[in-house]
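my_file30.txt, holding compact mmCIF, C-alpha atoms:
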```txt
# COMPACT_ATOMS: atom_id res chain seq x y z
CA MET M 1 -49.98 -54.91 15.38
CA SER M 2 -52.13 -53.34 12.70
CA GLU M 3 -53.11 -50.01 14.33
CA ARG M 4 -49.75 -49.57 15.96
CA THR M 5 -48.05 -46.20 15.79
CA SER M 6 -44.27 -46.01 16.10
CA ALA M 7 -42.45 -48.14 18.63
CA ARG M 8 -40.88 -46.59 21.71
CA VAL M 9 -37.51 -47.71 23.02
CA VAL M 10 -37.20 -47.09 26.75
CA VAL M 11 -34.07 -47.71 28.80
CA VAL M 12 -34.37 -48.41 32.51
CA THR M 13 -31.11 -47.19 33.98
CA SER M 14 -29.53 -45.89 37.19
CA GLY M 15 -25.77 -46.18 37.35
CA LYS M 16 -25.90 -47.68 40.80
CA GLY M 17 -26.76 -51.32 41.33
CA GLY M 18 -29.50 -52.65 43.53
CA VAL M 19 -31.86 -49.70 43.18
CA GLY M 20 -34.59 -51.65 41.38
CA LYS M 21 -33.93 -51.52 37.63
CA THR M 22 -34.82 -55.12 36.93
CA THR M 23 -37.84 -55.06 39.23
CA THR M 24 -38.99 -51.87 37.51
CA THR M 25 -38.43 -53.25 34.01
CA ALA M 26 -40.54 -56.30 34.88
CA ALA M 27 -43.27 -54.32 36.64
CA LEU M 28 -43.57 -51.64 33.94
CA GLY M 29 -43.31 -54.14 31.10
CA ALA M 30 -46.11 -56.22 32.61
CA ALA M 31 -48.22 -53.14 33.27
CA LEU M 32 -47.83 -51.90 29.68
CA ALA M 33 -48.79 -55.35 28.39
CA HIS M 34 -51.72 -55.51 30.78
CA LEU M 35 -52.94 -52.19 29.38
CA GLY M 36 -53.00 -53.77 25.92
CA ASP M 37 -49.69 -52.81 24.30
CA LYS M 38 -47.27 -55.28 22.80
CA VAL M 39 -44.11 -55.23 24.87
CA VAL M 40 -40.67 -56.78 24.84
CA VAL M 41 -38.32 -56.45 27.80
CA VAL M 42 -34.65 -56.83 26.88
CA ASP M 43 -31.99 -57.78 29.40
CA PHE M 44 -28.66 -56.04 28.69
CA ASP M 45 -26.89 -57.36 31.76
CA VAL M 46 -24.55 -59.73 29.93
CA GLY M 47 -23.02 -62.25 32.32
CA LEU M 48 -25.37 -61.37 35.16
CA ARG M 49 -28.83 -61.76 33.72
CA ASN M 50 -31.74 -61.66 36.13
CA LEU M 51 -34.74 -60.34 34.27
CA ASP M 52 -35.60 -63.95 33.32
CA LEU M 53 -35.66 -64.87 37.00
CA VAL M 54 -37.79 -61.91 38.07
CA LEU M 55 -40.25 -62.75 35.29
CA GLY M 56 -40.31 -66.44 36.19
CA ALA M 57 -38.95 -67.46 32.79
CA GLU M 58 -35.53 -68.70 33.89
CA ARG M 59 -36.23 -72.29 32.90
CA ARG M 60 -37.41 -71.38 29.44
CA VAL M 61 -34.30 -69.59 28.18
CA VAL M 62 -32.90 -71.30 25.09
CA PHE M 63 -31.33 -68.50 23.07
CA ASP M 64 -30.34 -65.00 24.10
CA LEU M 65 -29.48 -61.53 22.82
CA ILE M 66 -25.89 -62.45 21.98
CA ASN M 67 -27.03 -65.52 20.04
CA VAL M 68 -29.25 -63.26 17.95
CA ILE M 69 -26.44 -60.76 17.42
CA ASN M 70 -24.05 -63.55 16.38
CA GLY M 71 -26.61 -65.07 14.06
CA VAL M 72 -26.77 -68.33 16.03
CA ALA M 73 -30.51 -67.81 16.47
CA LYS M 74 -33.20 -65.79 14.76
CA LEU M 75 -34.96 -63.17 16.85
CA PRO M 76 -38.32 -65.03 17.04
CA GLN M 77 -36.48 -68.10 18.36
CA ALA M 78 -34.95 -66.13 21.21
CA LEU M 79 -38.10 -64.28 22.31
CA ILE M 80 -39.86 -65.87 25.26
CA ARG M 81 -43.57 -65.22 25.57
CA ASP M 82 -44.90 -64.64 29.07
CA LYS M 83 -47.27 -67.32 30.33
CA ARG M 84 -49.62 -64.85 32.02
CA LEU M 85 -49.67 -61.94 29.60
CA GLU M 86 -49.78 -62.83 25.92
CA ASN M 87 -48.55 -59.34 24.94
CA LEU M 88 -45.37 -59.59 26.99
CA TYR M 89 -42.10 -61.00 25.66
CA LEU M 90 -38.60 -61.36 27.07
CA LEU M 91 -35.30 -61.24 25.22
CA PRO M 92 -32.84 -62.61 27.77
CA ALA M 93 -29.20 -61.63 28.21
CA SER M 94 -26.42 -64.10 27.71
CA GLN M 95 -24.56 -65.62 30.63
CA THR M 96 -21.27 -65.42 28.73
CA ARG M 97 -18.36 -63.76 30.48
CA ASP M 98 -17.24 -62.10 27.28
CA LYS M 99 -18.46 -58.53 27.55
CA ASP M 100 -17.29 -57.72 24.03
CA ALA M 101 -19.93 -60.08 22.70
CA LEU M 102 -22.32 -57.12 22.75
CA THR M 103 -21.53 -55.00 19.70
CA GLU M 104 -22.97 -51.63 18.85
CA GLU M 105 -23.83 -52.71 15.35
CA GLY M 106 -25.46 -55.93 16.55
CA VAL M 107 -27.54 -54.19 19.18
CA GLY M 108 -28.68 -51.59 16.65
CA LYS M 109 -29.82 -54.32 14.29
CA VAL M 110 -31.76 -56.19 16.97
CA ILE M 111 -33.45 -53.01 18.24
CA GLY M 112 -34.38 -52.17 14.64
CA GLU M 113 -36.02 -55.59 14.24
CA LEU M 114 -37.84 -55.26 17.56
CA ARG M 115 -39.21 -51.88 16.50
CA GLU M 116 -41.06 -53.63 13.68
CA LYS M 117 -42.79 -56.05 16.03
CA PHE M 118 -43.50 -54.22 19.28
CA ASP M 119 -45.09 -51.06 20.71
CA TRP M 120 -42.59 -50.87 23.56
CA ILE M 121 -39.02 -52.08 23.82
CA VAL M 122 -37.97 -51.80 27.44
CA CYS M 123 -34.21 -52.20 27.92
CA ASP M 124 -33.01 -53.27 31.34
CA SER M 125 -29.57 -51.68 31.74
CA PRO M 126 -26.82 -53.23 33.82
CA ALA M 127 -25.38 -51.16 36.66
CA GLY M 128 -22.27 -49.12 35.95
CA ILE M 129 -21.35 -46.97 32.98
CA GLU M 130 -19.57 -49.49 30.80
CA ARG M 131 -20.41 -51.11 27.52
CA GLY M 132 -23.62 -52.90 28.56
CA ALA M 133 -25.03 -49.75 30.12
CA THR M 134 -24.06 -47.45 27.26
CA LEU M 135 -25.42 -49.88 24.66
CA ALA M 136 -28.68 -50.29 26.59
CA MET M 137 -29.26 -46.52 26.39
CA ARG M 138 -27.77 -46.06 22.92
CA HIS M 139 -31.02 -46.31 20.89
CA ALA M 140 -33.42 -45.06 23.55
CA ASP M 141 -36.24 -42.65 22.80
CA ALA M 142 -36.93 -42.32 26.50
CA ALA M 143 -35.12 -43.16 29.73
CA ILE M 144 -36.41 -44.10 33.14
CA ILE M 145 -33.81 -43.21 35.73
CA VAL M 146 -34.40 -45.36 38.78
CA THR M 147 -33.19 -43.60 41.91
CA ASN M 148 -33.34 -44.33 45.61
CA PRO M 149 -33.56 -41.30 47.91
CA GLU M 150 -29.99 -41.86 49.04
CA VAL M 151 -26.77 -39.94 48.32
CA SER M 152 -24.86 -42.52 46.28
CA SER M 153 -27.86 -43.35 44.13
CA VAL M 154 -28.60 -39.68 43.42
CA ARG M 155 -24.99 -39.00 42.48
CA ASP M 156 -24.88 -41.96 40.10
CA SER M 157 -28.19 -40.92 38.55
CA ASP M 158 -26.71 -37.53 37.83
CA ARG M 159 -23.81 -39.19 36.05
CA ILE M 160 -26.20 -41.32 34.00
CA ILE M 161 -28.22 -38.23 33.06
CA GLY M 162 -24.98 -36.74 31.72
CA LEU M 163 -24.41 -39.86 29.59
CA LEU M 164 -28.00 -39.81 28.31
CA ASP M 165 -27.42 -36.24 27.17
CA ALA M 166 -24.15 -37.06 25.44
CA LYS M 167 -23.77 -40.67 24.38
CA THR M 168 -27.14 -41.67 22.94
CA GLU M 169 -28.06 -41.65 19.25
CA LYS M 170 -30.69 -39.03 19.95
CA ALA M 171 -28.19 -36.78 21.73
CA GLU M 172 -25.73 -37.14 18.87
CA ARG M 173 -28.46 -36.06 16.45
CA GLY M 174 -28.90 -32.96 18.60
CA GLU M 175 -32.17 -34.22 20.06
CA CYS M 176 -32.93 -35.11 23.63
CA VAL M 177 -33.86 -38.45 25.19
CA ASP M 178 -37.10 -38.04 27.18
CA LYS M 179 -35.95 -38.44 30.74
CA HIS M 180 -38.19 -39.63 33.57
CA LEU M 181 -37.25 -40.06 37.18
CA LEU M 182 -38.65 -43.01 39.10
CA ILE M 183 -38.00 -42.94 42.81
CA THR M 184 -38.04 -46.41 44.30
CA ARG M 185 -37.65 -47.84 47.82
CA TYR M 186 -39.21 -44.73 49.27
CA HIS M 187 -39.90 -44.84 53.01
CA PRO M 188 -42.58 -42.22 53.79
CA TRP M 189 -41.94 -42.24 57.52
CA ARG M 190 -38.19 -41.84 57.12
CA ALA M 191 -38.65 -38.94 54.74
CA SER M 192 -41.17 -37.27 57.03
CA ARG M 193 -38.67 -37.44 59.90
CA GLY M 194 -35.90 -35.96 57.79
CA GLU M 195 -33.94 -39.20 57.92
CA MET M 196 -34.16 -39.70 54.17
CA LEU M 197 -33.91 -37.29 51.24
CA SER M 198 -37.38 -36.10 50.36
CA ILE M 199 -38.95 -36.31 46.91
CA ASP M 200 -38.50 -32.54 46.57
CA ASP M 201 -34.82 -32.79 47.48
CA VAL M 202 -34.18 -35.42 44.80
CA LEU M 203 -36.21 -33.55 42.18
CA GLU M 204 -34.45 -30.29 42.91
CA ILE M 205 -31.02 -31.87 42.69
CA LEU M 206 -31.60 -33.91 39.53
CA SER M 207 -34.08 -31.64 37.69
CA VAL M 208 -35.74 -34.47 35.82
CA PRO M 209 -39.55 -34.78 35.67
CA LEU M 210 -40.99 -37.33 38.05
CA LEU M 211 -42.61 -40.46 36.61
CA GLY M 212 -43.58 -42.02 39.91
CA ILE M 213 -42.73 -42.89 43.48
CA ILE M 214 -42.63 -46.54 44.44
CA PRO M 215 -42.88 -47.11 48.17
CA GLU M 216 -40.66 -49.68 49.84
CA SER M 217 -42.78 -52.79 50.22
CA GLU M 218 -42.48 -56.44 51.05
CA GLU M 219 -44.74 -57.08 48.06
CA VAL M 220 -41.85 -56.20 45.73
CA LEU M 221 -39.58 -58.80 47.34
CA ARG M 222 -42.37 -61.33 47.37
CA ALA M 223 -43.03 -60.80 43.67
CA SER M 224 -39.34 -61.42 42.87
CA ASN M 225 -39.36 -64.52 45.04
CA LEU M 226 -42.30 -65.86 43.09
CA GLY M 227 -40.99 -64.84 39.67
CA SER M 228 -44.00 -62.68 38.91
CA PRO M 229 -43.91 -58.90 38.38
CA VAL M 230 -45.54 -57.06 41.27
CA THR M 231 -48.02 -55.48 38.85
CA ILE M 232 -49.36 -58.97 38.09
CA ASN M 233 -48.73 -60.70 41.37
CA ALA M 234 -50.22 -58.08 43.71
CA ALA M 235 -51.92 -55.65 41.37
CA LEU M 236 -53.75 -53.83 44.15
CA SER M 237 -50.74 -53.37 46.43
CA ALA M 238 -49.28 -49.90 46.96
CA PRO M 239 -46.15 -50.49 44.83
CA ALA M 240 -48.19 -52.06 42.01
CA ARG M 241 -50.61 -49.14 41.95
CA ALA M 242 -47.66 -46.76 41.88
CA TYR M 243 -46.16 -48.73 38.98
CA PHE M 244 -49.47 -48.64 37.10
CA ASP M 245 -49.71 -44.88 37.57
CA ALA M 246 -46.11 -44.50 36.34
CA THR M 247 -46.93 -46.68 33.32
CA ARG M 248 -49.93 -44.52 32.42
CA ARG M 249 -47.79 -41.39 32.72
CA LEU M 250 -45.22 -43.00 30.44
CA LYS M 251 -48.05 -43.54 27.94
CA GLY M 252 -48.78 -39.83 28.13
CA GLU M 253 -51.77 -39.78 30.48
CA GLN M 254 -52.05 -37.02 33.05
CA ILE M 255 -52.32 -38.61 36.47
CA ALA M 256 -51.98 -36.73 39.72
CA MET M 257 -48.82 -37.67 41.62
CA GLN M 258 -49.41 -39.35 44.94
CA VAL M 259 -46.62 -39.14 47.44
CA PRO M 260 -46.88 -42.31 49.52
CA SER M 261 -47.75 -41.38 53.07
CA GLU M 262 -47.27 -43.12 56.33
CA SER M 263 -49.91 -45.79 56.24
CA ARG M 264 -49.29 -47.23 59.67
CA GLY M 265 -52.16 -46.87 62.07
CA LEU M 266 -51.93 -46.51 65.81
CA PHE M 267 -52.22 -50.24 66.38
CA THR M 268 -49.44 -51.17 64.01
CA LYS M 269 -47.29 -48.32 65.34
CA LEU M 270 -47.72 -49.60 68.85
CA PHE M 271 -46.91 -53.14 67.91
CA GLY M 272 -44.32 -52.23 65.31
CA ARG M 273 -45.89 -54.11 62.44
CA LYS M 274 -46.45 -52.71 59.01
CA ALA M 275 -49.97 -52.52 57.71
CA ALA M 276 -50.59 -55.18 55.09
CA MET X 1 -30.42 -25.12 62.68
CA LYS X 2 -28.17 -27.70 61.06
CA LEU X 3 -26.89 -28.90 64.38
CA PHE X 4 -30.37 -29.07 65.71
CA SER X 5 -31.58 -31.28 62.88
CA LEU X 6 -28.49 -33.47 63.23
CA PHE X 7 -29.17 -33.83 66.90
CA ARG X 8 -32.69 -34.91 66.15
CA GLY X 9 -31.45 -37.55 63.73
CA GLY X 10 -32.65 -35.80 60.60
CA SER X 11 -29.59 -36.14 58.39
CA ALA X 12 -31.43 -35.55 55.09
CA PRO X 13 -30.59 -31.79 54.95
CA VAL X 14 -26.89 -32.59 55.24
CA ALA X 15 -27.19 -35.20 52.50
CA ARG X 16 -28.95 -32.67 50.31
CA GLU X 17 -26.33 -29.98 50.77
CA ARG X 18 -23.41 -32.36 50.21
CA LEU X 19 -24.98 -33.62 47.01
CA GLN X 20 -25.66 -30.13 45.71
CA ILE X 21 -22.04 -29.10 46.15
CA LEU X 22 -20.61 -32.32 44.75
CA LEU X 23 -22.85 -32.41 41.71
CA ALA X 24 -22.23 -28.77 40.85
CA HIS X 25 -18.54 -29.66 40.50
CA GLU X 26 -19.09 -32.96 38.72
CA ARG X 27 -21.41 -31.34 36.20
CA SER X 28 -18.95 -28.60 35.33
CA ALA X 29 -16.16 -31.16 35.04
CA ARG X 30 -18.15 -32.87 32.27
CA THR X 31 -18.09 -29.86 30.01
CA GLU X 32 -14.83 -28.13 30.86
CA PRO X 33 -11.45 -29.25 32.14
CA ASP X 34 -11.07 -29.23 35.91
CA LEU X 35 -9.70 -25.73 36.56
CA LEU X 36 -8.23 -26.62 39.94
CA ALA X 37 -6.38 -29.59 38.47
CA VAL X 38 -5.00 -27.40 35.68
CA LEU X 39 -3.87 -24.75 38.19
CA ARG X 40 -2.19 -27.37 40.33
CA GLU X 41 -0.23 -28.75 37.37
CA GLU X 42 0.80 -25.35 36.09
CA ILE X 43 1.79 -23.94 39.47
CA LEU X 44 4.03 -26.94 40.06
CA ALA X 45 5.53 -26.63 36.58
CA VAL X 46 6.36 -22.95 37.11
CA ILE X 47 8.02 -23.57 40.44
CA GLY X 48 9.86 -26.55 39.05
CA ARG X 49 11.47 -24.29 36.48
CA HIS X 50 13.10 -22.17 39.21
CA VAL X 51 13.79 -24.62 42.01
CA PRO X 52 14.22 -28.33 42.07
CA PHE X 53 11.87 -29.94 44.55
CA GLU X 54 10.94 -33.47 45.27
CA PRO X 55 7.48 -34.41 44.15
CA ASP X 56 6.77 -36.23 47.40
CA LYS X 57 7.56 -33.05 49.35
CA VAL X 58 4.58 -31.36 47.83
CA GLN X 59 1.29 -31.30 49.66
CA ILE X 60 -1.78 -30.33 47.80
CA LYS X 61 -5.03 -29.72 49.58
CA LEU X 62 -8.24 -29.12 47.81
CA ASP X 63 -11.55 -28.11 49.28
CA ARG X 64 -14.46 -27.76 46.95
CA GLY X 65 -17.06 -25.55 48.53
CA LYS X 66 -20.39 -24.23 47.45
CA LEU X 67 -19.34 -20.61 46.89
CA VAL X 68 -15.58 -20.80 47.17
CA SER X 69 -13.09 -23.55 46.43
CA THR X 70 -9.56 -23.48 47.79
CA LEU X 71 -6.41 -24.98 46.41
CA ALA X 72 -3.46 -24.98 48.81
CA VAL X 73 -0.07 -26.02 47.45
CA ASP X 74 2.59 -26.51 50.09
CA ILE X 75 6.04 -27.14 48.66
CA GLU X 76 9.17 -27.88 50.64
CA ILE X 77 12.20 -26.33 48.96
CA PRO X 78 15.67 -27.42 50.07
CA ASN X 79 17.65 -24.69 51.94
CA GLY X 80 20.66 -23.12 50.28
CA HIS X 81 19.11 -23.29 46.93
CA ARG X 82 19.05 -19.80 45.54
CA THR X 83 17.60 -19.01 42.22
CA ALA X 84 16.37 -15.85 40.66
CA GLY X 85 12.81 -15.10 41.45
CA ILE X 86 12.64 -16.89 44.78
CA ALA X 87 13.56 -14.97 47.94
CA PRO X 88 16.37 -16.90 49.63
CA GLN X 89 14.99 -16.62 53.15
CA TYR X 90 11.98 -18.69 52.22
CA SER X 91 12.44 -22.36 52.80
CA LYS X 92 8.78 -23.06 52.40
CA LEU X 93 6.58 -21.69 49.77
CA LYS X 94 2.94 -21.59 50.38
CA LEU X 95 0.37 -20.81 47.78
CA ASP X 96 -3.18 -20.39 48.81
CA GLY X 97 -5.45 -19.94 45.90
CA SER X 98 -8.83 -18.89 47.10
CA SER X 99 -11.21 -16.47 45.54
CA SER X 100 -14.76 -16.32 44.40
CA ALA X 101 -13.58 -15.41 40.93
CA LEU X 102 -11.73 -18.69 40.79
CA ASN X 103 -14.80 -20.49 41.92
CA LYS X 104 -17.03 -18.86 39.37
CA GLN X 105 -15.11 -20.55 36.64
CA VAL X 106 -15.19 -23.84 38.45
CA ALA X 107 -18.81 -24.00 39.48
```

Please, can you express the file's structure as structure tokens?
Amino acid sequence: MSERTSARVVVVTSGKGGVGKTTTTAALGAALAHLGDKVVVVDFDVGLRNLDLVLGAERRVVFDLINVINGVAKLPQALIRDKRLENLYLLPASQTRDKDALTEEGVGKVIGELREKFDWIVCDSPAGIERGATLAMRHADAAIIVTNPEVSSVRDSDRIIGLLDAKTEKAERGECVDKHLLITRYHPWRASRGEMLSIDDVLEILSVPLLGIIPESEEVLRASNLGSPVTINAALSAPARAYFDATRRLKGEQIAMQVPSESRGLFTKLFGRKAA
Amino acid sequence: MKLFSLFRGGSAPVARERLQILLAHERSARTEPDLLAVLREEILAVIGRHVPFEPDKVQIKLDRGKLVSTLAVDIEIPNGHRTAGIAPQYSKLKLDGSSSALNKQVA
């Protein structure tokens, strides 16, 4: 913690559900920690928490974000340290059904405390545009907009971009949240046949700089099944490498963008199986 | 060209065009009131001042296009109702608002 510069608060958001926010939060958080930074991932999905499950920490949750806000627990008591990466911590969401439990003042206080302790505070936003989502983005320095190359996801991302430009603390100060687009569940062969929006289509429509392209992969599902971020569980797989590249770009490194290409050889095409 | 790509199963260009049109409207709606909605309200208010009509006899069609949007207000006015400003032989009043000038303010 000694040589640390200022902490960065990053919100992982999308508007639409099921596009890969939680998977991305876990994968990026683990990658940042693996690269040596001190990271906390914060679940803002009150009532429907899942980041604990994707990180394999579901049986270790004692206190949560709401408990910290309400003063039931101190922040260090609620933070769960990852068993694989000593630099990675989780602040779980509450399973309460009371959405009002998340207050703007409380969230601001917790984020302020986390800024003292961590290099990166990665906020996993719930789907939608209600309280949880707006509070997750409220204090963000940067935003990762997770988008699938699909009409409803792109539309919702556009809406979220509008909120990032209007409803965040930075926007209200007249500044701008750093926005990054992360395209997930990309099928190279569908895009090449014109069955799926291409990367260029999505970039042209949303006009947000591209952080990375994560190909659709069974490794992502497998990692969730096992409760281990794909960047730890299958670090050499195509999605993990794409997440590592995205992480380095987030840290400011210049890394050439690789558009995933059709990796199926003649054999696998003939027999309809995906290359491992 | 479009038909050809549809025929081949490549629906991405259609998706792209639909999104571009939709988002152009949604983005402008964030910063300014929806012009077409305002026009619809005001047109109905003006007509309501001269002739009584039943709200459920009003059909409003809206088509938001890329270059031109159209607002069509179709109002059924009861026969025998004569008021200044409305020609008596008209039993149906049709307003078709469609111009690129209109659209410029919308898009």

> So what do you get for atom CA of Ile66 of chain M versus atom CA of Ser94 of chain M, distance-wise?
Replying inline: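 One can read the atom CA of Ile66 of chain M to atom CA of Ser94 of chain M distance as 6.0 Å.
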
>> Near chain M, meaning an atom within 8 Å, which residues of chain X appear when counting all atoms listed in the file? Write them as a list in words.
In response: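 Output check: Gly9, Gly10, Ser11, Ala12, Pro13, Ala15, Arg16, Leu19, Gln20, Leu23, Arg27 and Arg30 of chain X.
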
> By how many Å are atom CA of Leu62 of chain X and atom CA of Ser28 of chain X apart?
Replying inline: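 Value for the atom CA of Leu62 of chain X-atom CA of Ser28 of chain X distance: 16.5 Å.
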
>> So that I can check the surroundings of Val39 of chain M, please list as a PyMOL selection string every protein, DNA and RNA residue that reaches within 12 Å of it, counting only C-alpha atoms and ignoring chain neighbours fewer than 4 positions away.
In response: chain M and resi 1+4+7-10+25-35+79-82+85-91+114-123

> Mind pulling up the distance from atom CA of Ser261 of chain M to atom CA of Tyr186 of chain M?
Replying inline: 9.9 Å

> Got a sec: who's within 12 Å of His25 of chain X, counting all atoms listed in the file, leaving out chain neighbours fewer than 5 positions off, as a list in words?
Replying inline: Arg155, Asp158 and Arg159 of chain M; Arg18, Leu19, Gln20, Arg30, Thr31, Glu32, Pro33, Asp34, Leu35, Leu36, Asp63, Arg64, Gly65, Lys66, Leu67, Val68, Ser69, Asn103, Lys104, Gln105, Val106 and Ala107 of chain X

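Take the candidates M:Val220, M:Ala93, M:Val41, M:Val72 and check each one against Ala234 of chain M using all atoms listed in the file; the shortest distance goes to M:Val220.
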
>> Report as a list in words all protein, DNA and RNA residues lying within 9 Å of segment 52-58 of chain X, evaluated on only C-alpha atoms, omitting residues in the same chain fewer than 2 positions from it.
In response: Leu44, Ile47, Gly48, Arg49, His50, Ile60, Val73, Asp74, Ile75, Glu76, Ile77, Pro78 and His81 of chain X

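The shortest atom-to-atom distance to Val177 of chain M, with all atoms listed in the file taken into account, belongs to M:His139 out of M:Leu102, M:Pro209, M:Tyr243, M:His139.
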